Amino acid sequence: MTETVAPPHPFDTAVGLTPLTAGLSTGETNPAYNNMVGPFGGVTAATLLESVLKHPERLGDPLSLTVNFAGPITEGAFEISARPVRTNRSTQHWSIELSQDGTVATTATAVFGTRRETWSSTEITMPKVPSAEGVALLPFPEFIAWAQNYEMRFVEGAIPDLESGEHPDSTTTLWVRDQPARALDFTSLTALCDVFFPRVFLRRGKMAPAGTVSMTIYFHADAQTLTEQADNSVLGTARTQRFGNGYFDQSAEIWGSDGALLATTHQLVYFKD
C-alpha cells in the first residue's frame, strides 16, 4: 500500500530555497504571500533567515535578525547569498543579500548563537486579554493576499474602515497563527513579527502609501520553547512612538500562548500623507 505524502504547508513553499553552492541559493516569490506592492516583508525576512538555517556552517539558533529593504522585489526568481563573517565561541555573525538580475534588493545581518542556562527575568508583562477562542475572527480585505494565510483575532486596533476617522493611539493587539495551522518555528515566528498593518493606517483611520525600510527582530525563545507552542495562536501587540517627516517607528512583542515572551521587534516605516 502506497502511503500518501501530504503536500507542504504554503508557508514552507513560500520560504523554500534551492541550494546552488554553500552560501548561495535560489528562490521564487509566491503570489499567495503578495502584499499591496511586492511580496509580504515578513516572508522575505523569513526566507533570508532560512538561508542561514540551511547553511552547513550555521552555529546554534537565531538570536537577532535585521533586514533592510533596500529596493523593490519584483515577482519571480531571486538569489540569496549568506556568509558567516565571524564565528566566536558562542555567537556567529552573518551577512545576507537578496538580489534579482544582479541588483541587490534586500540586505540583512543576523546573529546566531548557543544559549546557556542563566538567571532570567522578563520585565514587561503580557497584555491581559481573552483567550484566542474568546475573540472573533476578523479577516483582512481579500486583495491583501498574504493576510489570507493567517488566522487573526483582534483584541484591539483592528484594521480601520474608511469611515472610522482618526484613532487616539496606534496600538494593535491580536491573536494570530498560520492558516492552515502550522507548528511554530524560527522562520514562521520571523514572519509573524511583521503581521501588523502600518500603524499610520490605524492612527489616521485611512489607507496611505507605507512600507517597511528596516526591521530588527530579537529572538527570546529557544527551539524547545517554540516546539512547546505547537500550532497554538500567539499574541502580538504593536505600537508607534513617533510619526513625523515621512517616517514612523513600530515596536512589537510576540507572546506565546503560555505567556512566554517569544520575540520583540522594531521597525522603521516610511509613509506618505
# chains A, B, ... in the order shown; residues from 1 in each chain; ligands from 1

$ select_by_dssp --residues "range 42-94 of chain A" --states "helix (DSSP H, G or I)" --output "list in words"
Gly42, Val43, Thr44, Ala45, Ala46, Thr47, Leu48, Leu49, Glu50, Ser51, Val52 and Leu53 of chain A

$ residues_around --residues "Val155 in chain A" --least-positions-apart "3" --cutoff "12 Å" --atoms "only C-alpha atoms" --output "ChimeraX atom specification"
/A:127-138,152,158-159,171-176,235-238

$ residues_around --residues "Ser25 in chain A" --least-positions-apart "2" --cutoff "8 Å" --atoms "only C-alpha atoms" --output "number ranges by chain"
A: 17-21, 23, 27, 51, 79-81

$ write_last_selection --atoms "N, CA and C atoms" --output "CSV table (one decimal), in the first residue's frame"
chain,number,residue,atom,x,y,z
A,17,LEU,N,14.0,27.2,-0.5
A,17,LEU,CA,15.2,27.6,-1.3
A,17,LEU,C,15.8,26.4,-1.9
A,18,THR,N,16.5,26.6,-3.0
A,18,THR,CA,17.3,25.6,-3.7
A,18,THR,C,18.7,25.9,-3.6
A,19,PRO,N,19.5,25.1,-2.9
A,19,PRO,CA,21.0,25.5,-2.8
A,19,PRO,C,21.7,25.3,-4.1
A,20,LEU,N,22.6,26.3,-4.4
A,20,LEU,CA,23.5,26.1,-5.6
A,20,LEU,C,24.9,25.8,-5.1
A,21,THR,N,25.4,26.5,-4.2
A,21,THR,CA,26.7,26.2,-3.6
A,21,THR,C,26.5,26.6,-2.1
A,23,GLY,N,26.2,28.6,0.7
A,23,GLY,CA,26.0,30.1,0.9
A,23,GLY,C,25.3,30.8,-0.2
A,27,GLY,N,15.5,31.2,-4.9
A,27,GLY,CA,14.1,31.0,-4.5
A,27,GLY,C,13.2,31.8,-5.5
A,51,SER,N,17.9,31.0,4.8
A,51,SER,CA,19.1,30.7,4.1
A,51,SER,C,20.3,30.5,5.0
A,79,GLU,N,18.1,35.4,-6.0
A,79,GLU,CA,19.2,34.7,-5.4
A,79,GLU,C,19.5,35.2,-4.0
A,80,ILE,N,19.9,34.4,-3.1
A,80,ILE,CA,20.3,34.8,-1.7
A,80,ILE,C,21.7,34.3,-1.4
A,81,SER,N,22.6,35.2,-1.1
A,81,SER,CA,23.9,34.8,-0.6
A,81,SER,C,24.0,35.0,0.9

$ select_by_dssp --residues "range 85-251 of chain A" --states "strand (DSSP E or B)" --output "number ranges by chain"
A: 85-87, 91-100, 103-113, 150-156, 172-178, 210-219, 234-239, 243-244, 247-251

$ write_last_selection --atoms "C-alpha atoms" --output "tab-separated table (two decimals), in the first residue's frame"
chain	number	residue	atom	x	y	z
A	85	VAL	CA	31.60	36.97	8.69
A	86	ARG	CA	32.85	35.88	12.11
A	87	THR	CA	32.35	32.89	14.39
A	91	THR	CA	27.99	33.68	18.66
A	92	GLN	CA	28.15	33.73	14.87
A	93	HIS	CA	27.62	36.84	12.73
A	94	TRP	CA	26.14	36.67	9.24
A	95	SER	CA	25.84	38.91	6.19
A	96	ILE	CA	22.95	38.15	3.81
A	97	GLU	CA	21.87	39.65	0.47
A	98	LEU	CA	18.88	39.04	-1.77
A	99	SER	CA	19.35	40.06	-5.40
A	100	GLN	CA	17.41	39.93	-8.66
A	103	THR	CA	20.76	44.09	-8.39
A	104	VAL	CA	20.63	43.92	-4.58
A	105	ALA	CA	17.06	44.36	-3.33
A	106	THR	CA	17.40	43.44	0.35
A	107	THR	CA	20.29	43.18	2.79
A	108	ALA	CA	20.35	41.61	6.23
A	109	THR	CA	22.57	40.78	9.14
A	110	ALA	CA	21.92	38.01	11.61
A	111	VAL	CA	23.43	36.82	14.86
A	112	PHE	CA	23.17	33.14	15.70
A	113	GLY	CA	24.46	31.50	18.84
A	150	TYR	CA	-3.15	33.91	8.78
A	151	GLU	CA	-5.95	33.44	11.29
A	152	MET	CA	-6.33	36.81	13.03
A	153	ARG	CA	-8.37	37.58	16.12
A	154	PHE	CA	-8.12	41.28	17.01
A	155	VAL	CA	-8.45	42.23	20.66
A	156	GLU	CA	-7.94	45.93	19.86
A	172	THR	CA	-3.00	46.81	17.85
A	173	THR	CA	-3.24	43.58	19.85
A	174	LEU	CA	-4.28	40.29	18.24
A	175	TRP	CA	-4.10	36.55	18.46
A	176	VAL	CA	-2.60	35.15	15.26
A	177	ARG	CA	-1.36	31.90	13.74
A	178	ASP	CA	-0.68	30.40	10.33
A	210	ALA	CA	3.62	52.99	3.53
A	211	GLY	CA	6.37	50.40	3.60
A	212	THR	CA	8.98	48.99	5.96
A	213	VAL	CA	12.50	50.33	5.45
A	214	SER	CA	14.24	48.33	8.19
A	215	MET	CA	13.13	45.65	10.64
A	216	THR	CA	15.00	44.09	13.55
A	217	ILE	CA	13.87	41.01	15.47
A	218	TYR	CA	15.25	39.80	18.79
A	219	PHE	CA	14.51	36.14	19.44
A	234	VAL	CA	0.46	33.64	19.61
A	235	LEU	CA	-0.37	37.11	20.90
A	236	GLY	CA	1.10	40.09	19.10
A	237	THR	CA	0.91	43.71	20.18
A	238	ALA	CA	2.40	46.69	18.31
A	239	ARG	CA	2.54	50.45	18.72
A	243	PHE	CA	5.12	59.76	13.46
A	244	GLY	CA	6.73	62.57	11.51
A	247	TYR	CA	8.67	58.04	8.78
A	248	PHE	CA	7.45	56.30	11.89
A	249	ASP	CA	8.81	53.59	14.16
A	250	GLN	CA	6.99	50.48	15.33
A	251	SER	CA	7.71	48.35	18.40
